[in-house]
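Some notes on the structure that comes next.
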Amino acid sequence: MVRRKTKKTQAPKAIMASGMRKRAIANAVIKEGSGEIRINGKTISLLSEMQGLSLREPLLITQKVVPDVIQRVNINVAVKGGGTESQIEASRLAIARALIAFTKNKELREAFISYDRHLLVADVRRKETRKPGDSRARAKRQKSYR
């Protein structure tokens, strides 16, 4: 019996990247496609104008440095936790990291860092916990003896 070698078709290259902001966690999957960008299954065009602009920043920078990449990839982002603004910040961080991992372009990395460092480096600040005996974290109640 003779075994024949069969050609294995390669699956499209898919890269995952994650981003975090406060309690929000975003996971971006980038792979070959037709240029669709979805956040939790919805296109960017359905978001508010400011949120859409914030999410398009890494895409516009990528368009300037590596012109044809955005039209030939699909980006799907799954975000959970946190508020809406934290989810947007986490998503743009995940998208930027995914684009760098996909293109492997050092110029793109430098362009992101020179534009806004938070496109690649997570903001690690978190909400400070409240202190016992008070309802707030820092400022104490003032007392008046009059």
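Convention: chains lettered A, B, ... in structure tokens order; per-chain residue numbering from 1; ligands numbered from 1 as shown.
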
Shell of 12 Å around Leu53 (chain A), only C-alpha atoms, local chain residues under 6 positions omitted, as a ChimeraX atom specification: /A:44-47,59-60,88-89,92

As a ChimeraX atom specification, please: every residue in chain A that a backbone DSSP assignment puts in alpha helix (DSSP H). /A:49-65,84-103,106-115

Need the shell around region 20-34 of chain A: protein/DNA/RNA residues with any atom at most 10 Å away, counting only C-alpha atoms. Skip same-chain ones fewer than 5 positions apart. Format as a ChimeraX atom specification? /A:11-15,39-40,69-99,101-102,121-127

Point-to-point distance from CA of Ser114 (chain A) to CA of Glu36 (chain A), Å rounded to tenths: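 Those two atoms sit 26.3 Å apart.
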
In Å to one decimal, how far is CA of Ile100 (chain A) from CA of Val65 (chain A)?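 Separation of CA of Val65 (chain A) and CA of Ile100 (chain A): 11.3 Å.
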
So which bits of chain A end up strand (DSSP E or B) when you DSSP the backbone, as a ChimeraX atom specification? /A:14-21,24-32,37-39,42-43,73-80,123

Long-range neighbours of Arg138 (chain A) as a PyMOL selection string, 9 Å cut-off, only C-alpha atoms, 3 positions minimum in chain: chain A and resi 128+130-131

What does the structure give for the distance between CA of Lys106 (chain A) and CA of Gln51 (chain A), in Å to one decimal?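 Interatomic distance, CA of Lys106 (chain A) to CA of Gln51 (chain A): 27.0 Å.
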
Nearest residue to Gly19 (chain A) from the set A:Arg56, A:His118, A:Lys64, A:Arg109 (distances using only C-alpha atoms):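 Nearest candidate to Gly19 (chain A) out of A:Arg56, A:His118, A:Lys64, A:Arg109: A:His118.
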
Calculated over only C-alpha atoms, which of the candidates A:Arg4, A:Tyr115, A:Arg146, A:Pro132 has the smallest distance to Glu57 (chain A)?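 Selected residue with least distance to Glu57 (chain A): A:Tyr115.
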